[in-house]
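Enquirer: The structure is given below, and queries will be raised subsequently.
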Amino acid sequence: MESGLSFSAADLAQTRFAVSPMWEVVTSFRLLATDTEPLVHRSWAAQVRPRVRRAGLHRGRLAALVPAHGYLADFLTPTPAGPFPTLDDELDAIRRTPAEQIAHDLATLANLTTPAALTTPATLTTPAAPGTSRSPGPELRTDDIDLERLCDEIRTYWELALAPYWARIRALLEADVFHRARQVAEHGSARVLSELHETVRWDDGTLRLVRRACALTRDQAGSGLLLVPSAFAWPRVLTRSVAPDPPQLAYPARGIGNLWERRTTHTATDAVAAVLGRSRALLLAELDTPASTTQLAATFGLSAPAVSQHLVALRNAGLVSAHRSGRSVLYARTAVADALLCPREEYV
């Protein structure tokens with residue numbers, strides 16, 4: 001199946017890019033709900049899936065609104081007001097969702113998603129063994145959607161699954177935006193639109209999407225086009241068409257294959273050690289993957305209080321961030337620390 005989105009000169013002029021935390025929420029949540037995640041995200045999923053399951057998010061409202069396959073609720077990906085909205089910005093937009101939009105999305109879910117997907121929330125763990133079944137959950141109705149509670153659930157998921165890794169993910173997405181903006185300036189919008197994905201092509205004033213289950217046409221949405229790079233959409237593109245908003249197209253960002261590779265170098269670590277001290281530099285290098293105080297203490301053979309003291313100093317300097325995960329706290333490098341320890345070329 002092929003759909004086409006026609007463009008006028010005004011539509012091309014209103015085409016823009018944005019990095020959206022909520023698109024990363026829904027695409028990563030869906031990835032965890034599938035039976036097998038892509039190899040590129042396997043290390044991330046192995047760390048995150050147990051945390052999400054312990055929090056009970058695999059049976060929450062978000063799981064019903066973002067089934068493992070098919071349509072996902074459009075109101076979860078509101079149109080960003082600017083190129084780099086925060087999660088708070090997008091949660092505020094979700095809280096303002098009109099009741100009729102929620103009702104429309106739930107009806108679409110019921111029509112385009114299998115009944116099992118609606119009545120059985122996705123299980124964010126290893127697939128059930130053949131011959132077994134997962135406990136059923138309730139089918140959602142409009143009255144079931146408490147937007148404030150849903151936003152709390154989204155924030156919990158964010159803290160467990162994305163916040164500890166956000167500096168790395170955001171760097172990848174921003175690099176994609178800057179690269180394509182440069183390409184627009186050098187070669188024009190038509191070429192950039194043709195290079196977004198193998199299923200997307202520009203043809204005589206129309207953006208065509210092939211092998212799409214849902215059509216994307218101008219009469220379903222407003223003018224312009226919003227292009228959203230995503231770390232977790234791969235290997236496909238996802239769309240949103242809600243009038244009067246511009247249509248959205250979430251596509252795989254460039255460089256995803258390198259997203260979870262270790263990025264620190266011995267040369268950079270040694271240089272930072274000359275300023276911070278070797279213990280703190282090594283701790284920063286180890287936080288290429290978020291870790292708890294206990295994990296770091298075991299890795300380096302230090303006492304937990306000693307590691308905690310170093311982490312407090314690094315956090316006060318803006319080099320690490322802390323994220324609650326159940327009874328423990330995960331520490332992650334910030335973008336400032338990444339700039340010190342990671343070669344810049346990896347982000348461009």
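Labeling convention for the structure tokens: chains A, B, ... as they appear, residues from 1 per chain, ligands from 1 in order of appearance.
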Pro247 (chain A): which residues within 7 Å, counting only C-alpha atoms, same-chain residues fewer than 2 positions away excluded, as a PyMOL selection string?

Expert: chain A and resi 221-222+225-226+240-242+245+249

Enquirer: Next, the residues of the selection above should be written as a PDB file, in the first residue's frame with N, CA, C and O atoms.

Expert:
ATOM      1  N   ALA A 221      -4.737  16.234   7.967  1.00  0.00           N
ATOM      2  CA  ALA A 221      -3.892  17.024   8.857  1.00  0.00           C
ATOM      3  C   ALA A 221      -3.742  18.433   8.319  1.00  0.00           C
ATOM      4  O   ALA A 221      -4.238  18.775   7.238  1.00  0.00           O
ATOM      5  N   GLY A 222      -3.015  19.265   9.082  1.00  0.00           N
ATOM      6  CA  GLY A 222      -2.820  20.657   8.702  1.00  0.00           C
ATOM      7  C   GLY A 222      -1.694  20.829   7.699  1.00  0.00           C
ATOM      8  O   GLY A 222      -1.179  19.868   7.130  1.00  0.00           O
ATOM      9  N   LEU A 225       4.894  20.113   7.550  1.00  0.00           N
ATOM     10  CA  LEU A 225       5.301  18.760   7.910  1.00  0.00           C
ATOM     11  C   LEU A 225       6.301  18.859   9.055  1.00  0.00           C
ATOM     12  O   LEU A 225       7.193  19.709   9.043  1.00  0.00           O
ATOM     13  N   LEU A 226       6.125  18.006  10.050  1.00  0.00           N
ATOM     14  CA  LEU A 226       7.054  17.940  11.173  1.00  0.00           C
ATOM     15  C   LEU A 226       7.831  16.638  11.080  1.00  0.00           C
ATOM     16  O   LEU A 226       7.251  15.552  11.090  1.00  0.00           O
ATOM     17  N   ARG A 240       1.770  10.566  12.267  1.00  0.00           N
ATOM     18  CA  ARG A 240       0.649  11.094  13.054  1.00  0.00           C
ATOM     19  C   ARG A 240      -0.075  12.119  12.199  1.00  0.00           C
ATOM     20  O   ARG A 240       0.548  13.049  11.673  1.00  0.00           O
ATOM     21  N   SER A 241      -1.385  11.981  12.060  1.00  0.00           N
ATOM     22  CA  SER A 241      -2.197  12.913  11.277  1.00  0.00           C
ATOM     23  C   SER A 241      -3.403  13.322  12.099  1.00  0.00           C
ATOM     24  O   SER A 241      -4.375  12.567  12.207  1.00  0.00           O
ATOM     25  N   VAL A 242      -3.333  14.495  12.686  1.00  0.00           N
ATOM     26  CA  VAL A 242      -4.427  15.009  13.504  1.00  0.00           C
ATOM     27  C   VAL A 242      -4.645  16.473  13.148  1.00  0.00           C
ATOM     28  O   VAL A 242      -3.820  17.327  13.492  1.00  0.00           O
ATOM     29  N   ASP A 245      -3.248  20.087  13.285  1.00  0.00           N
ATOM     30  CA  ASP A 245      -1.793  20.026  13.435  1.00  0.00           C
ATOM     31  C   ASP A 245      -1.138  19.598  12.130  1.00  0.00           C
ATOM     32  O   ASP A 245      -1.750  18.885  11.319  1.00  0.00           O
ATOM     33  N   LEU A 249       6.123  12.877  10.970  1.00  0.00           N
ATOM     34  CA  LEU A 249       6.763  11.672  10.477  1.00  0.00           C
ATOM     35  C   LEU A 249       7.985  11.408  11.346  1.00  0.00           C
ATOM     36  O   LEU A 249       8.935  12.199  11.361  1.00  0.00           O
TER      37      LEU A 249
END

Enquirer: List the spatial neighbours of Arg262 (chain A) as a short mmCIF file (atom, residue, chain, number, x, y, z; two decimals) with C-alpha atoms, in the first residue's frame - criterion: any atom at most 7 Å away, only C-alpha atoms, same-chain residues fewer than 2 positions off excluded.

Expert:
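This is the output file around_28.cif:
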data_model
loop_
_atom_site.label_atom_id
_atom_site.label_comp_id
_atom_site.auth_asym_id
_atom_site.auth_seq_id
_atom_site.Cartn_x
_atom_site.Cartn_y
_atom_site.Cartn_z
CA TRP A 260 25.17 2.03 22.61
CA THR A 264 35.28 6.81 26.10
CA ASP A 288 29.23 5.04 29.85
#

Enquirer: Excluding same-chain residues fewer than 3 positions from region 164-166 of chain A, what lies within 12 Å of it counting only C-alpha atoms, as a PDB file with N, CA, C and O atoms, in the first residue's frame?

Expert:
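So the final result, stored in out_3.pdb, reads:
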ATOM      1  N   VAL A  19      13.083  17.457  17.975  1.00  0.00           N
ATOM      2  CA  VAL A  19      13.452  16.318  18.817  1.00  0.00           C
ATOM      3  C   VAL A  19      12.372  16.194  19.883  1.00  0.00           C
ATOM      4  O   VAL A  19      12.152  17.122  20.660  1.00  0.00           O
ATOM      5  N   SER A  20      11.675  15.064  19.919  1.00  0.00           N
ATOM      6  CA  SER A  20      10.514  14.906  20.790  1.00  0.00           C
ATOM      7  C   SER A  20      10.735  13.817  21.836  1.00  0.00           C
ATOM      8  O   SER A  20      10.830  12.630  21.494  1.00  0.00           O
ATOM      9  N   PRO A  21      10.805  14.165  23.126  1.00  0.00           N
ATOM     10  CA  PRO A  21      10.889  13.136  24.170  1.00  0.00           C
ATOM     11  C   PRO A  21       9.744  12.142  24.120  1.00  0.00           C
ATOM     12  O   PRO A  21       9.951  10.943  24.348  1.00  0.00           O
ATOM     13  N   GLU A  24      10.172   9.369  21.730  1.00  0.00           N
ATOM     14  CA  GLU A  24      11.109   8.367  22.255  1.00  0.00           C
ATOM     15  C   GLU A  24      10.443   7.500  23.316  1.00  0.00           C
ATOM     16  O   GLU A  24      10.741   6.309  23.432  1.00  0.00           O
ATOM     17  N   VAL A  25       9.517   8.076  24.071  1.00  0.00           N
ATOM     18  CA  VAL A  25       8.773   7.289  25.056  1.00  0.00           C
ATOM     19  C   VAL A  25       7.962   6.200  24.351  1.00  0.00           C
ATOM     20  O   VAL A  25       8.044   5.015  24.694  1.00  0.00           O
ATOM     21  N   TRP A  44      20.524  -2.138  25.822  1.00  0.00           N
ATOM     22  CA  TRP A  44      19.656  -1.185  26.529  1.00  0.00           C
ATOM     23  C   TRP A  44      18.419  -1.902  27.063  1.00  0.00           C
ATOM     24  O   TRP A  44      18.048  -1.719  28.228  1.00  0.00           O
ATOM     25  N   ALA A  45      17.789  -2.729  26.247  1.00  0.00           N
ATOM     26  CA  ALA A  45      16.566  -3.429  26.660  1.00  0.00           C
ATOM     27  C   ALA A  45      16.843  -4.366  27.832  1.00  0.00           C
ATOM     28  O   ALA A  45      16.018  -4.496  28.737  1.00  0.00           O
ATOM     29  N   GLN A  47      18.940  -3.983  30.212  1.00  0.00           N
ATOM     30  CA  GLN A  47      19.058  -3.193  31.437  1.00  0.00           C
ATOM     31  C   GLN A  47      17.712  -2.640  31.883  1.00  0.00           C
ATOM     32  O   GLN A  47      17.398  -2.633  33.074  1.00  0.00           O
ATOM     33  N   VAL A  48      16.897  -2.213  30.929  1.00  0.00           N
ATOM     34  CA  VAL A  48      15.697  -1.441  31.238  1.00  0.00           C
ATOM     35  C   VAL A  48      14.470  -2.312  31.504  1.00  0.00           C
ATOM     36  O   VAL A  48      13.668  -2.011  32.397  1.00  0.00           O
ATOM     37  N   THR A  86      10.989  19.990  26.064  1.00  0.00           N
ATOM     38  CA  THR A  86      11.317  19.113  27.178  1.00  0.00           C
ATOM     39  C   THR A  86      10.178  18.124  27.394  1.00  0.00           C
ATOM     40  O   THR A  86       9.074  18.297  26.862  1.00  0.00           O
ATOM     41  N   LEU A  87      10.436  17.120  28.204  1.00  0.00           N
ATOM     42  CA  LEU A  87       9.366  16.194  28.555  1.00  0.00           C
ATOM     43  C   LEU A  87       8.235  16.932  29.255  1.00  0.00           C
ATOM     44  O   LEU A  87       7.049  16.666  28.991  1.00  0.00           O
ATOM     45  N   TYR A 157       8.145   5.963  33.755  1.00  0.00           N
ATOM     46  CA  TYR A 157       8.827   5.234  32.683  1.00  0.00           C
ATOM     47  C   TYR A 157      10.054   6.001  32.211  1.00  0.00           C
ATOM     48  O   TYR A 157      11.130   5.417  32.012  1.00  0.00           O
ATOM     49  N   TRP A 158       9.907   7.299  32.053  1.00  0.00           N
ATOM     50  CA  TRP A 158      11.022   8.139  31.597  1.00  0.00           C
ATOM     51  C   TRP A 158      12.223   8.011  32.542  1.00  0.00           C
ATOM     52  O   TRP A 158      13.364   7.826  32.095  1.00  0.00           O
ATOM     53  N   GLU A 159      11.973   8.093  33.838  1.00  0.00           N
ATOM     54  CA  GLU A 159      13.065   8.024  34.807  1.00  0.00           C
ATOM     55  C   GLU A 159      13.748   6.661  34.791  1.00  0.00           C
ATOM     56  O   GLU A 159      14.967   6.568  34.973  1.00  0.00           O
ATOM     57  N   LEU A 160      13.000   5.599  34.559  1.00  0.00           N
ATOM     58  CA  LEU A 160      13.562   4.259  34.565  1.00  0.00           C
ATOM     59  C   LEU A 160      14.261   3.906  33.260  1.00  0.00           C
ATOM     60  O   LEU A 160      15.308   3.243  33.266  1.00  0.00           O
ATOM     61  N   ALA A 161      13.685   4.320  32.138  1.00  0.00           N
ATOM     62  CA  ALA A 161      14.114   3.804  30.839  1.00  0.00           C
ATOM     63  C   ALA A 161      14.908   4.776  29.984  1.00  0.00           C
ATOM     64  O   ALA A 161      15.753   4.339  29.187  1.00  0.00           O
ATOM     65  N   ILE A 169      21.195   9.829  23.918  1.00  0.00           N
ATOM     66  CA  ILE A 169      20.133   9.781  22.908  1.00  0.00           C
ATOM     67  C   ILE A 169      19.925  11.160  22.281  1.00  0.00           C
ATOM     68  O   ILE A 169      19.839  11.298  21.056  1.00  0.00           O
ATOM     69  N   ARG A 170      19.848  12.178  23.125  1.00  0.00           N
ATOM     70  CA  ARG A 170      19.604  13.531  22.597  1.00  0.00           C
ATOM     71  C   ARG A 170      20.742  13.975  21.682  1.00  0.00           C
ATOM     72  O   ARG A 170      20.502  14.618  20.653  1.00  0.00           O
ATOM     73  N   ALA A 171      21.986  13.636  22.033  1.00  0.00           N
ATOM     74  CA  ALA A 171      23.110  13.998  21.169  1.00  0.00           C
ATOM     75  C   ALA A 171      22.954  13.386  19.782  1.00  0.00           C
ATOM     76  O   ALA A 171      23.214  14.036  18.761  1.00  0.00           O
ATOM     77  N   LEU A 172      22.512  12.126  19.736  1.00  0.00           N
ATOM     78  CA  LEU A 172      22.285  11.465  18.454  1.00  0.00           C
ATOM     79  C   LEU A 172      21.191  12.171  17.653  1.00  0.00           C
ATOM     80  O   LEU A 172      21.347  12.433  16.455  1.00  0.00           O
ATOM     81  N   LEU A 173      20.073  12.494  18.308  1.00  0.00           N
ATOM     82  CA  LEU A 173      18.943  13.111  17.615  1.00  0.00           C
ATOM     83  C   LEU A 173      19.274  14.526  17.152  1.00  0.00           C
ATOM     84  O   LEU A 173      18.917  14.925  16.038  1.00  0.00           O
ATOM     85  N   GLU A 174      19.956  15.287  17.998  1.00  0.00           N
ATOM     86  CA  GLU A 174      20.326  16.646  17.611  1.00  0.00           C
ATOM     87  C   GLU A 174      21.298  16.627  16.443  1.00  0.00           C
ATOM     88  O   GLU A 174      21.207  17.462  15.534  1.00  0.00           O
ATOM     89  N   ALA A 231      15.474   7.466  17.955  1.00  0.00           N
ATOM     90  CA  ALA A 231      16.451   6.403  18.201  1.00  0.00           C
ATOM     91  C   ALA A 231      15.797   5.028  18.199  1.00  0.00           C
ATOM     92  O   ALA A 231      16.470   4.027  17.946  1.00  0.00           O
ATOM     93  N   LEU A 259      24.877   3.839  18.697  1.00  0.00           N
ATOM     94  CA  LEU A 259      24.295   4.523  19.856  1.00  0.00           C
ATOM     95  C   LEU A 259      24.791   3.968  21.182  1.00  0.00           C
ATOM     96  O   LEU A 259      25.109   4.709  22.103  1.00  0.00           O
ATOM     97  N   TRP A 260      24.842   2.631  21.314  1.00  0.00           N
ATOM     98  CA  TRP A 260      25.169   2.032  22.606  1.00  0.00           C
ATOM     99  C   TRP A 260      26.614   1.544  22.696  1.00  0.00           C
ATOM    100  O   TRP A 260      26.988   0.897  23.666  1.00  0.00           O
ATOM    101  N   LEU A 287      30.675   5.084  33.744  1.00  0.00           N
ATOM    102  CA  LEU A 287      29.279   5.496  33.593  1.00  0.00           C
ATOM    103  C   LEU A 287      28.894   5.704  32.137  1.00  0.00           C
ATOM    104  O   LEU A 287      27.897   6.355  31.839  1.00  0.00           O
ATOM    105  N   ASP A 288      29.672   5.143  31.236  1.00  0.00           N
ATOM    106  CA  ASP A 288      29.235   5.036  29.851  1.00  0.00           C
ATOM    107  C   ASP A 288      27.892   4.306  29.815  1.00  0.00           C
ATOM    108  O   ASP A 288      27.061   4.542  28.943  1.00  0.00           O
ATOM    109  N   THR A 289      27.684   3.421  30.790  1.00  0.00           N
ATOM    110  CA  THR A 289      26.396   2.787  31.048  1.00  0.00           C
ATOM    111  C   THR A 289      25.963   3.168  32.455  1.00  0.00           C
ATOM    112  O   THR A 289      26.754   3.036  33.392  1.00  0.00           O
ATOM    113  N   PRO A 290      24.747   3.674  32.654  1.00  0.00           N
ATOM    114  CA  PRO A 290      24.295   4.056  33.995  1.00  0.00           C
ATOM    115  C   PRO A 290      24.454   2.917  34.990  1.00  0.00           C
ATOM    116  O   PRO A 290      24.249   1.744  34.659  1.00  0.00           O
ATOM    117  N   ALA A 291      24.843   3.255  36.221  1.00  0.00           N
ATOM    118  CA  ALA A 291      25.089   2.234  37.242  1.00  0.00           C
ATOM    119  C   ALA A 291      24.783   2.793  38.615  1.00  0.00           C
ATOM    120  O   ALA A 291      24.726   4.015  38.817  1.00  0.00           O
ATOM    121  N   SER A 292      24.590   1.892  39.565  1.00  0.00           N
ATOM    122  CA  SER A 292      24.324   2.279  40.949  1.00  0.00           C
ATOM    123  C   SER A 292      25.633   2.350  41.732  1.00  0.00           C
ATOM    124  O   SER A 292      26.684   1.872  41.277  1.00  0.00           O
ATOM    125  N   VAL A 320      27.586  14.252  36.511  1.00  0.00           N
ATOM    126  CA  VAL A 320      26.709  13.084  36.566  1.00  0.00           C
ATOM    127  C   VAL A 320      25.325  13.525  37.018  1.00  0.00           C
ATOM    128  O   VAL A 320      25.167  14.563  37.670  1.00  0.00           O
ATOM    129  N   SER A 321      24.335  12.727  36.670  1.00  0.00           N
ATOM    130  CA  SER A 321      22.959  12.952  37.112  1.00  0.00           C
ATOM    131  C   SER A 321      22.487  11.694  37.825  1.00  0.00           C
ATOM    132  O   SER A 321      23.010  10.595  37.590  1.00  0.00           O
ATOM    133  N   ALA A 322      21.511  11.849  38.724  1.00  0.00           N
ATOM    134  CA  ALA A 322      20.996  10.730  39.511  1.00  0.00           C
ATOM    135  C   ALA A 322      19.538  10.476  39.155  1.00  0.00           C
ATOM    136  O   ALA A 322      18.757  11.423  38.985  1.00  0.00           O
ATOM    137  N   HIS A 323      19.166   9.193  39.074  1.00  0.00           N
ATOM    138  CA  HIS A 323      17.821   8.815  38.659  1.00  0.00           C
ATOM    139  C   HIS A 323      17.330   7.666  39.538  1.00  0.00           C
ATOM    140  O   HIS A 323      17.973   6.617  39.612  1.00  0.00           O
ATOM    141  N   ARG A 324      16.201   7.873  40.189  1.00  0.00           N
ATOM    142  CA  ARG A 324      15.654   6.864  41.087  1.00  0.00           C
ATOM    143  C   ARG A 324      15.175   5.651  40.310  1.00  0.00           C
ATOM    144  O   ARG A 324      14.469   5.768  39.320  1.00  0.00           O
ATOM    145  N   SER A 325      15.578   4.451  40.751  1.00  0.00           N
ATOM    146  CA  SER A 325      15.143   3.197  40.150  1.00  0.00           C
ATOM    147  C   SER A 325      14.774   2.245  41.275  1.00  0.00           C
ATOM    148  O   SER A 325      15.620   1.521  41.802  1.00  0.00           O
ATOM    149  N   VAL A 329      19.527   4.077  43.222  1.00  0.00           N
ATOM    150  CA  VAL A 329      19.685   5.268  42.393  1.00  0.00           C
ATOM    151  C   VAL A 329      20.695   4.948  41.300  1.00  0.00           C
ATOM    152  O   VAL A 329      21.776   4.406  41.575  1.00  0.00           O
ATOM    153  N   LEU A 330      20.337   5.249  40.051  1.00  0.00           N
ATOM    154  CA  LEU A 330      21.242   5.069  38.931  1.00  0.00           C
ATOM    155  C   LEU A 330      21.932   6.392  38.633  1.00  0.00           C
ATOM    156  O   LEU A 330      21.284   7.443  38.580  1.00  0.00           O
ATOM    157  N   TYR A 331      23.231   6.327  38.438  1.00  0.00           N
ATOM    158  CA  TYR A 331      24.003   7.511  38.079  1.00  0.00           C
ATOM    159  C   TYR A 331      24.387   7.423  36.606  1.00  0.00           C
ATOM    160  O   TYR A 331      24.730   6.345  36.101  1.00  0.00           O
ATOM    161  N   ALA A 332      24.329   8.557  35.947  1.00  0.00           N
ATOM    162  CA  ALA A 332      24.646   8.603  34.519  1.00  0.00           C
ATOM    163  C   ALA A 332      25.479   9.836  34.226  1.00  0.00           C
ATOM    164  O   ALA A 332      25.388  10.849  34.930  1.00  0.00           O
ATOM    165  N   ARG A 333      26.285   9.752  33.198  1.00  0.00           N
ATOM    166  CA  ARG A 333      27.050  10.921  32.769  1.00  0.00           C
ATOM    167  C   ARG A 333      26.136  11.958  32.142  1.00  0.00           C
ATOM    168  O   ARG A 333      25.162  11.627  31.472  1.00  0.00           O
ATOM    169  N   THR A 334      26.458  13.210  32.335  1.00  0.00           N
ATOM    170  CA  THR A 334      25.729  14.284  31.677  1.00  0.00           C
ATOM    171  C   THR A 334      26.379  14.605  30.335  1.00  0.00           C
ATOM    172  O   THR A 334      27.458  14.092  30.009  1.00  0.00           O
ATOM    173  N   ALA A 335      25.724  15.474  29.575  1.00  0.00           N
ATOM    174  CA  ALA A 335      26.283  15.887  28.285  1.00  0.00           C
ATOM    175  C   ALA A 335      27.624  16.594  28.472  1.00  0.00           C
ATOM    176  O   ALA A 335      28.509  16.505  27.612  1.00  0.00           O
ATOM    177  N   ASP A 338      30.148  13.884  28.818  1.00  0.00           N
ATOM    178  CA  ASP A 338      30.348  13.258  27.512  1.00  0.00           C
ATOM    179  C   ASP A 338      31.274  14.099  26.644  1.00  0.00           C
ATOM    180  O   ASP A 338      32.119  13.566  25.911  1.00  0.00           O
TER     181      ASP A 338
END

Enquirer: CA of Asp204 (chain A) and CA of Pro80 (chain A) are how many Å apart?

Expert: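 For CA of Asp204 (chain A) relative to CA of Pro80 (chain A), the distance reads 28.2 Å.
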
Enquirer: For Leu319 (chain A), which residue out of A:Ala93, A:Ala253, A:Leu209, A:Ala167 is the nearest one, using only C-alpha atoms?

Expert: A:Ala167

Enquirer: Using DSSP on the backbone, list every residue of region 15-58 of chain A that comes out as helix (DSSP H, G or I), and give them as a ChimeraX atom specification.

Expert: /A:21-33,39-54,57-58

Enquirer: Distance CA of Ser223 (chain A)-CA of Pro246 (chain A), one decimal place?

Expert: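 Computed distance, CA of Ser223 (chain A) to CA of Pro246 (chain A), equals 5.2 Å.
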
Enquirer: Would you please work out which residue, of A:His197, A:His266, A:Arg168, A:Arg30, is nearest to Ala285 (chain A) when using only C-alpha atoms?

Expert: A:His266

Enquirer: Please determine, counting only C-alpha atoms, which residue among A:Ala281, A:Val237, A:Val184, A:Val200 has the shortest atom-to-atom distance to Thr15 (chain A).

Expert: A:Val184
